[in-house]
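upload.cif (mmCIF, C-alpha atoms and all ligand atoms) appears below.
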```cif
data_start
#
loop_
_atom_site.group_PDB
_atom_site.id
_atom_site.type_symbol
_atom_site.label_atom_id
_atom_site.label_comp_id
_atom_site.auth_asym_id
_atom_site.auth_seq_id
_atom_site.Cartn_x
_atom_site.Cartn_y
_atom_site.Cartn_z
ATOM 1 C CA MET A 1 -163.249 96.537 62.260
ATOM 2 C CA ALA A 2 -162.653 93.331 64.219
ATOM 3 C CA PHE A 3 -164.332 91.360 61.432
ATOM 4 C CA ILE A 4 -162.215 92.954 58.706
ATOM 5 C CA SER A 5 -159.075 92.461 60.720
ATOM 6 C CA ARG A 6 -159.883 88.747 61.280
ATOM 7 C CA GLY A 7 -160.529 88.220 57.586
ATOM 8 C CA PHE A 8 -157.330 89.975 56.713
ATOM 9 C CA LYS A 9 -155.328 87.807 59.120
ATOM 10 C CA GLY A 10 -156.904 84.677 57.659
ATOM 11 C CA ARG A 11 -155.872 85.609 54.152
ATOM 12 C CA ARG A 12 -152.406 86.481 55.369
ATOM 13 C CA SER A 13 -151.831 83.122 56.974
ATOM 14 C CA SER A 14 -153.058 81.194 53.938
ATOM 15 C CA ALA A 15 -150.863 83.386 51.735
ATOM 16 C CA ALA A 16 -147.911 82.488 53.977
ATOM 17 C CA ASP A 17 -148.699 78.776 53.569
ATOM 18 C CA SER A 18 -149.119 79.044 49.813
ATOM 19 C CA SER A 19 -145.743 80.768 49.518
ATOM 20 C CA ARG A 20 -144.301 77.551 50.970
ATOM 21 C CA LEU A 21 -146.002 75.449 48.265
ATOM 22 C CA PRO A 22 -143.856 74.801 45.175
ATOM 23 C CA PRO A 23 -145.571 75.243 41.794
ATOM 24 C CA GLY A 24 -148.281 72.680 41.022
ATOM 25 C CA GLN A 25 -148.423 71.337 44.604
ATOM 26 C CA TYR A 26 -151.422 71.186 46.978
ATOM 27 C CA LEU A 27 -151.610 70.637 50.749
ATOM 28 C CA ALA A 28 -152.180 67.005 51.674
ATOM 29 C CA THR A 29 -154.495 65.984 54.450
ATOM 30 C CA GLY A 30 -152.936 63.165 56.462
ATOM 31 C CA PHE A 31 -149.692 61.512 55.427
ATOM 32 C CA PRO A 32 -150.102 59.545 52.190
ATOM 33 C CA VAL A 33 -148.051 56.359 51.720
ATOM 34 C CA LEU A 34 -146.285 55.888 48.381
ATOM 35 C CA SER A 35 -144.305 52.690 47.930
ATOM 36 C CA ALA A 36 -143.326 50.973 44.687
ATOM 37 C CA GLY A 37 -143.360 47.536 46.373
ATOM 38 C CA PRO A 38 -144.195 45.749 49.606
ATOM 39 C CA THR A 39 -143.015 47.133 52.960
ATOM 40 C CA PRO A 40 -139.879 45.287 54.099
ATOM 41 C CA HIS A 41 -139.615 44.371 57.778
ATOM 42 C CA THR A 42 -135.939 44.084 58.659
ATOM 43 C CA PRO A 43 -135.476 43.304 62.371
ATOM 44 C CA LEU A 44 -133.265 45.844 64.144
ATOM 45 C CA GLU A 45 -130.689 43.192 65.061
ATOM 46 C CA LYS A 46 -130.192 42.520 61.329
ATOM 47 C CA TRP A 47 -130.195 46.200 60.339
ATOM 48 C CA SER A 48 -127.026 48.052 59.415
ATOM 49 C CA PHE A 49 -126.106 51.218 57.575
ATOM 50 C CA THR A 50 -123.167 51.250 55.154
ATOM 51 C CA ILE A 51 -121.191 53.889 53.293
ATOM 52 C CA THR A 52 -119.597 52.200 50.290
ATOM 53 C CA GLY A 53 -118.499 52.733 46.683
ATOM 54 C CA GLU A 54 -115.746 55.277 45.979
ATOM 55 C CA VAL A 55 -114.394 55.324 49.512
ATOM 56 C CA ASP A 56 -111.048 54.417 51.018
ATOM 57 C CA GLN A 57 -112.827 51.926 53.265
ATOM 58 C CA ASP A 58 -116.456 50.886 53.752
ATOM 59 C CA ARG A 59 -118.065 52.065 56.977
ATOM 60 C CA THR A 60 -120.892 50.193 58.669
ATOM 61 C CA TRP A 61 -123.007 50.913 61.732
ATOM 62 C CA THR A 62 -125.238 48.460 63.529
ATOM 63 C CA TRP A 63 -128.576 49.798 64.786
ATOM 64 C CA ALA A 64 -127.072 50.281 68.276
ATOM 65 C CA GLU A 65 -124.063 52.135 66.860
ATOM 66 C CA PHE A 66 -126.299 54.250 64.650
ATOM 67 C CA GLN A 67 -128.499 55.148 67.644
ATOM 68 C CA ALA A 68 -125.414 56.358 69.501
ATOM 69 C CA LEU A 69 -124.652 58.967 66.804
ATOM 70 C CA PRO A 70 -125.729 62.553 67.494
ATOM 71 C CA ALA A 71 -129.295 62.979 66.201
ATOM 72 C CA GLU A 72 -131.171 66.196 65.447
ATOM 73 C CA ASP A 73 -134.797 67.247 65.445
ATOM 74 C CA ILE A 74 -135.870 68.478 62.025
ATOM 75 C CA THR A 75 -138.950 70.402 60.974
ATOM 76 C CA ALA A 76 -139.402 70.389 57.216
ATOM 77 C CA ASP A 77 -141.890 70.874 54.388
ATOM 78 C CA ILE A 78 -142.036 67.808 52.121
ATOM 79 C CA HIS A 79 -143.162 67.631 48.509
ATOM 80 C CA CYS A 80 -144.192 64.533 46.531
ATOM 81 C CA VAL A 81 -143.964 64.495 42.750
ATOM 82 C CA THR A 82 -147.610 63.293 42.672
ATOM 83 C CA LYS A 83 -148.359 66.871 43.826
ATOM 84 C CA TRP A 84 -149.114 66.645 47.529
ATOM 85 C CA SER A 85 -147.064 68.609 50.016
ATOM 86 C CA LYS A 86 -147.016 68.532 53.791
ATOM 87 C CA LEU A 87 -145.780 71.526 55.748
ATOM 88 C CA GLY A 88 -143.914 71.466 59.058
ATOM 89 C CA THR A 89 -143.362 67.708 59.349
ATOM 90 C CA ARG A 90 -141.307 66.758 62.424
ATOM 91 C CA TRP A 91 -138.547 64.168 62.349
ATOM 92 C CA THR A 92 -135.506 63.016 64.280
ATOM 93 C CA GLY A 93 -132.468 61.828 62.390
ATOM 94 C CA VAL A 94 -128.720 61.633 62.061
ATOM 95 C CA PRO A 95 -127.343 64.253 59.665
ATOM 96 C CA VAL A 96 -125.719 62.603 56.650
ATOM 97 C CA SER A 97 -122.651 64.828 57.266
ATOM 98 C CA ALA A 98 -122.054 62.938 60.516
ATOM 99 C CA LEU A 99 -122.035 59.632 58.602
ATOM 100 C CA LEU A 100 -119.591 60.998 56.030
ATOM 101 C CA GLU A 101 -117.222 62.496 58.594
ATOM 102 C CA GLY A 102 -113.674 61.372 57.905
ATOM 103 C CA VAL A 103 -114.696 59.533 54.695
ATOM 104 C CA GLU A 104 -112.239 60.257 51.902
ATOM 105 C CA SER A 105 -113.733 60.155 48.446
ATOM 106 C CA ALA A 106 -113.408 61.600 44.959
ATOM 107 C CA ALA A 107 -117.153 60.994 44.434
ATOM 108 C CA ASP A 108 -119.595 63.736 43.419
ATOM 109 C CA TYR A 109 -122.749 61.565 43.507
ATOM 110 C CA VAL A 110 -124.510 59.127 45.746
ATOM 111 C CA THR A 111 -126.908 56.265 45.196
ATOM 112 C CA ALA A 112 -129.009 55.596 48.271
ATOM 113 C CA PHE A 113 -130.005 51.929 48.495
ATOM 114 C CA SER A 114 -132.796 50.324 50.469
ATOM 115 C CA ASP A 115 -134.208 47.032 51.650
ATOM 116 C CA GLY A 116 -136.429 45.787 48.844
ATOM 117 C CA GLY A 117 -134.052 47.048 46.148
ATOM 118 C CA TYR A 118 -135.157 50.686 45.780
ATOM 119 C CA THR A 119 -132.429 53.124 44.795
ATOM 120 C CA THR A 120 -132.262 56.860 44.156
ATOM 121 C CA ASN A 121 -129.419 59.125 43.047
ATOM 122 C CA LEU A 122 -128.385 62.538 44.341
ATOM 123 C CA PRO A 123 -125.397 64.861 44.147
ATOM 124 C CA LEU A 124 -123.222 64.394 47.232
ATOM 125 C CA GLU A 125 -123.401 68.123 47.965
ATOM 126 C CA ASP A 126 -127.191 67.830 48.417
ATOM 127 C CA LEU A 127 -126.664 65.439 51.325
ATOM 128 C CA VAL A 128 -124.288 67.539 53.446
ATOM 129 C CA ASP A 129 -124.359 70.801 55.413
ATOM 130 C CA GLY A 130 -127.681 70.232 57.147
ATOM 131 C CA LYS A 131 -129.657 69.343 54.005
ATOM 132 C CA ALA A 132 -130.231 65.611 54.598
ATOM 133 C CA TRP A 133 -130.691 63.111 57.396
ATOM 134 C CA VAL A 134 -131.201 59.434 58.039
ATOM 135 C CA ALA A 135 -134.442 59.808 59.965
ATOM 136 C CA PHE A 136 -135.785 57.233 62.409
ATOM 137 C CA ARG A 137 -138.519 59.112 64.281
ATOM 138 C CA TYR A 138 -141.574 60.942 62.968
ATOM 139 C CA ASP A 139 -143.718 63.185 65.157
ATOM 140 C CA GLY A 140 -141.960 61.887 68.280
ATOM 141 C CA GLN A 141 -142.588 58.207 67.503
ATOM 142 C CA PRO A 142 -140.432 55.494 65.920
ATOM 143 C CA LEU A 143 -140.896 55.784 62.159
ATOM 144 C CA ASP A 144 -143.775 53.631 60.858
ATOM 145 C CA PRO A 145 -142.703 50.791 58.537
ATOM 146 C CA GLU A 146 -145.018 52.212 55.839
ATOM 147 C CA HIS A 147 -143.154 55.519 55.981
ATOM 148 C CA GLY A 148 -139.736 53.880 55.839
ATOM 149 C CA GLY A 149 -139.051 52.600 59.354
ATOM 150 C CA PRO A 150 -136.746 51.704 60.904
ATOM 151 C CA ALA A 151 -134.956 54.507 59.029
ATOM 152 C CA ARG A 152 -135.257 56.514 55.841
ATOM 153 C CA LEU A 153 -133.355 59.181 54.049
ATOM 154 C CA LEU A 154 -134.870 62.648 54.452
ATOM 155 C CA VAL A 155 -133.906 65.210 51.800
ATOM 156 C CA PRO A 156 -136.722 67.736 52.078
ATOM 157 C CA HIS A 157 -135.403 70.231 49.512
ATOM 158 C CA LEU A 158 -135.872 67.650 46.718
ATOM 159 C CA TYR A 159 -139.036 65.759 45.689
ATOM 160 C CA LEU A 160 -139.780 63.038 48.201
ATOM 161 C CA TRP A 161 -138.869 60.107 45.924
ATOM 162 C CA LYS A 162 -135.247 61.067 46.762
ATOM 163 C CA SER A 163 -136.006 60.346 50.445
ATOM 164 C CA ALA A 164 -135.430 56.597 50.214
ATOM 165 C CA LYS A 165 -137.484 54.619 52.707
ATOM 166 C CA TRP A 166 -135.906 51.594 54.485
ATOM 167 C CA VAL A 167 -132.514 53.002 53.554
ATOM 168 C CA ARG A 168 -129.535 50.767 54.307
ATOM 169 C CA GLY A 169 -126.698 52.764 52.896
ATOM 170 C CA LEU A 170 -125.118 55.195 50.494
ATOM 171 C CA ARG A 171 -122.974 54.215 47.511
ATOM 172 C CA LEU A 172 -120.623 57.038 46.533
ATOM 173 C CA THR A 173 -120.066 57.276 42.785
ATOM 174 C CA LEU A 174 -117.946 59.390 40.435
ATOM 175 C CA ASP A 175 -120.816 59.939 37.992
ATOM 176 C CA ASP A 176 -124.575 60.416 38.309
ATOM 177 C CA ARG A 177 -126.245 57.017 37.885
ATOM 178 C CA PRO A 178 -130.044 56.895 37.642
ATOM 179 C CA GLY A 179 -131.838 55.097 40.468
ATOM 180 C CA PHE A 180 -135.204 53.322 40.334
ATOM 181 C CA TRP A 181 -137.534 56.181 39.383
ATOM 182 C CA GLU A 182 -134.802 58.109 37.565
ATOM 183 C CA SER A 183 -134.514 55.121 35.170
ATOM 184 C CA ASN A 184 -138.265 55.295 34.652
ATOM 185 C CA GLY A 185 -138.762 58.882 33.575
ATOM 186 C CA TYR A 186 -138.255 60.875 36.748
ATOM 187 C CA ASN A 187 -135.817 63.777 36.831
ATOM 188 C CA MET A 188 -132.191 63.126 37.776
ATOM 189 C CA TYR A 189 -132.262 66.035 40.263
ATOM 190 C CA GLY A 190 -135.873 66.719 41.301
ATOM 191 C CA ASP A 191 -136.031 70.305 42.577
ATOM 192 C CA PRO A 192 -139.708 70.972 43.449
ATOM 193 C CA TRP A 193 -139.235 74.759 43.154
ATOM 194 C CA ARG A 194 -138.138 74.342 39.522
ATOM 195 C CA GLU A 195 -140.784 71.641 38.974
ATOM 196 C CA GLN A 196 -138.196 69.085 37.875
ATOM 197 C CA ARG A 197 -140.597 66.153 37.867
ATOM 198 C CA TYR A 198 -139.671 64.208 34.762
ATOM 199 C CA TRP A 199 -136.915 63.806 32.166
ATOM 200 C CA GLY A 200 -136.477 67.074 30.298
ATOM 201 C CA ASP A 201 -138.093 69.291 32.998
HETATM 202 N N1 LIG B 301 -137.597 52.324 49.411
HETATM 203 C C1 LIG B 301 -138.492 53.175 48.885
HETATM 204 N N2 LIG B 301 -138.398 54.478 49.193
HETATM 205 C C2 LIG B 301 -139.276 55.360 48.678
HETATM 206 C C3 LIG B 301 -140.280 54.937 47.790
HETATM 207 C C4 LIG B 301 -140.365 53.565 47.491
HETATM 208 O O1 LIG B 301 -141.218 53.109 46.721
HETATM 209 N N3 LIG B 301 -139.462 52.713 48.057
HETATM 210 N N4 LIG B 301 -141.161 55.860 47.249
HETATM 211 C C5 LIG B 301 -140.682 57.225 47.197
HETATM 212 C C6 LIG B 301 -141.740 58.137 46.850
HETATM 213 S S1 LIG B 301 -142.198 58.222 45.219
HETATM 214 C C7 LIG B 301 -142.293 58.988 47.768
HETATM 215 S S2 LIG B 301 -143.387 60.191 47.329
HETATM 216 C C8 LIG B 301 -141.970 58.865 49.206
HETATM 217 C C9 LIG B 301 -143.235 58.623 49.969
HETATM 218 O O2 LIG B 301 -142.980 58.554 51.326
HETATM 219 P P1 LIG B 301 -144.204 58.213 52.289
HETATM 220 O O3 LIG B 301 -144.758 56.883 51.824
HETATM 221 O O4 LIG B 301 -143.616 58.175 53.643
HETATM 222 O O5 LIG B 301 -145.200 59.299 52.085
HETATM 223 O O6 LIG B 301 -141.067 57.817 49.473
HETATM 224 C C10 LIG B 301 -140.057 57.652 48.521
HETATM 225 N N5 LIG B 301 -139.149 56.662 48.999
HETATM 226 MO MO MO B 302 -143.490 60.148 45.030
#
```
Would you put the structure from the file into structure tokens?
Ligand SMILES: Nc1nc2c(c(=O)[nH]1)N[C@H]1C(S)=C(S)[C@@H](COP(=O)(O)O)O[C@H]1N2
Ligand SMILES: [Mo]
Amino acid sequence: MAFISRGFKGRRSSAADSSRLPPGQYLATGFPVLSAGPTPHTPLEKWSFTITGEVDQDRTWTWAEFQALPAEDITADIHCVTKWSKLGTRWTGVPVSALLEGVESAADYVTAFSDGGYTTNLPLEDLVDGKAWVAFRYDGQPLDPEHGGPARLLVPHLYLWKSAKWVRGLRLTLDDRPGFWESNGYNMYGDPWREQRYWGD
């Protein structure tokens, strides 16, 4: 009886994990690094974060100002288009809503831009209401440069290419403009649950 019950529990917990895996994904071991170019190393005293584009006025935070914003701890499952997923990753970050507070804009879209020139596009509504953060800690430690430190976008409900590493700001736009991977065959939206990997998915 004990044996059967242990086996049953084991299957149940792996079934629970697999229900958190979007179609076509597998569980990664470790934390793979995926970067289209070299890792930039911007010193914190030169770092800033800017909201620009279709806004009444640009807003910019220095690193010290950004650190003074209210941050949250986040636990999230993340999914890379190359098919690995990682469950229950732990981050600390400033919710994007806090950065957009008081910003007046007619924009419906955003292009996140990063040191090194990477860009990615998202609907503005996917960045607000507790769905996205500018994260600067991972697993209780300052975010590794390889994983986007000092700070990266974290949008766990979309494929991870939307979570721009080394992010330096958000450009608000009226229309949906393809970013780096979106100009190279990746989906404009990128919902892992609908397997929106590439153009036409
Ligand atoms: N600036 C920048 N951000 C980026 C990328 C990149 O090449 N440059 N790669 C994206 C892709 S395709 C993925 S899967 C994730 C990988 O994040 P990780 O290296 O922390 O696993 O970062 C995304 N953000
Ligand atoms: Mo990716």
(message) Using all atoms listed in the file, which residues of the polymer chains come no farther than 8 Å from ligand LIG 301 (chain B)? I'd like the answer as number ranges by chain.
(response) A: 31-37, 79-82, 113-119, 146-148, 152, 159-167, 181
What are the centre and the three edge lengths of an axis-aligned box that wraps all atoms of region 154-157 of chain A in the file, given that 4 Å is added to every side, written as JSON and rounded to one decimal in Å?
```
{"center_x": -135.3, "center_y": 66.4, "center_z": 52.0, "size_x": 10.8, "size_y": 15.6, "size_z": 12.9}
```
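Using the PyMOL selection byres (((chain A and resi 191) around 10) and not hetatm) on this structure selects Pro22, His79, Val81, Pro156, His157, Leu158, Tyr159, Leu160, Asn187, Met188, Tyr189, Gly190, Pro192, Trp193, Arg194, Glu195, Gln196, Arg197 and Asp201 of chain A.
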(request) Give me the result of the PyMOL selection byres (((chain A and resi 133-136) around 8) and not hetatm) on this file, residue by residue, as JSON, numbers by chain. (result) {"A": [91, 92, 93, 94, 95, 96, 127, 130, 131, 132, 137, 138, 142, 143, 149, 150, 151, 152, 153, 154, 155, 167]}
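Near Gln25 (chain A), within a cut-off of 7 Å and counting only C-alpha atoms, sit the residues Lys83, Trp84 and Ser85 of chain A, with same-chain residues fewer than 6 positions away left out.
Computed from the coordinates, the CA of Lys86 (chain A) to CA of Leu21 (chain A) distance equals 8.9 Å.
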(message) As an exercise, work out the distance from CA of Ile74 (chain A) to CA of Pro40 (chain A) in Å and give it to one decimal place.
(response) 24.8 Å
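From CA of Thr75 (chain A) back to CA of Arg168 (chain A), the distance works out to 22.8 Å.
Minimum atom-to-atom distances from A:Val103, A:Val128, A:Ala68, A:Leu87 to Gly53 (chain A) were compared using all atoms listed in the file, and the lowest value belongs to A:Val103.
Contact shell of Lys46 (chain A) at 12 Å (all atoms listed in the file; same-chain neighbours under 2 positions omitted): His41, Thr42, Pro43, Leu44, Ser48, Phe49, Trp61, Thr62, Trp63, Ala64, Asp115, Pro150 and Arg168 of chain A.
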Residues matched by the PyMOL selection byres (((chain A and resi 111) around 7) and not hetatm) as a compact mmCIF listing (two decimals) with C-alpha atoms, in the coordinates of the input:
```
# COMPACT_ATOMS: atom_id res chain seq x y z
CA TYR A 109 -122.75 61.56 43.51
CA VAL A 110 -124.51 59.13 45.75
CA ALA A 112 -129.01 55.60 48.27
CA PHE A 113 -130.00 51.93 48.50
CA THR A 119 -132.43 53.12 44.80
CA THR A 120 -132.26 56.86 44.16
CA ASN A 121 -129.42 59.12 43.05
CA LEU A 122 -128.38 62.54 44.34
CA LEU A 170 -125.12 55.20 50.49
CA ARG A 171 -122.97 54.22 47.51
CA LEU A 172 -120.62 57.04 46.53
CA GLY A 179 -131.84 55.10 40.47
```
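If all atoms listed in the file are the atoms counted, then among A:Leu124, A:Asp175, A:Tyr186, A:Glu45 the closest residue to ligand MO 302 (chain B) is A:Tyr186.
Considering the residues A:Ala76, A:Glu182, A:Asp176, A:Asp108 and counting all atoms listed in the file, ligand MO 302 (chain B) has its shortest atom-to-atom contact with A:Glu182.
Between Arg90 (chain A) and the candidates A:Gln141, A:Thr52, A:Trp199, A:Pro178, the tightest atom-to-atom separation, counting all atoms listed in the file, involves A:Gln141.
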(request) Compare A:Thr50, A:Ser18, A:Thr39, A:Ser183 by their minimum atom-to-atom distance to Glu65 (chain A), counting only C-alpha atoms, and give me the closest one. (result) A:Thr50
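Taking all atoms listed in the file into account, ligand MO 302 (chain B) lies nearest to A:Ile78 out of the set A:Pro123, A:Ile78, A:Glu54, A:Thr173.
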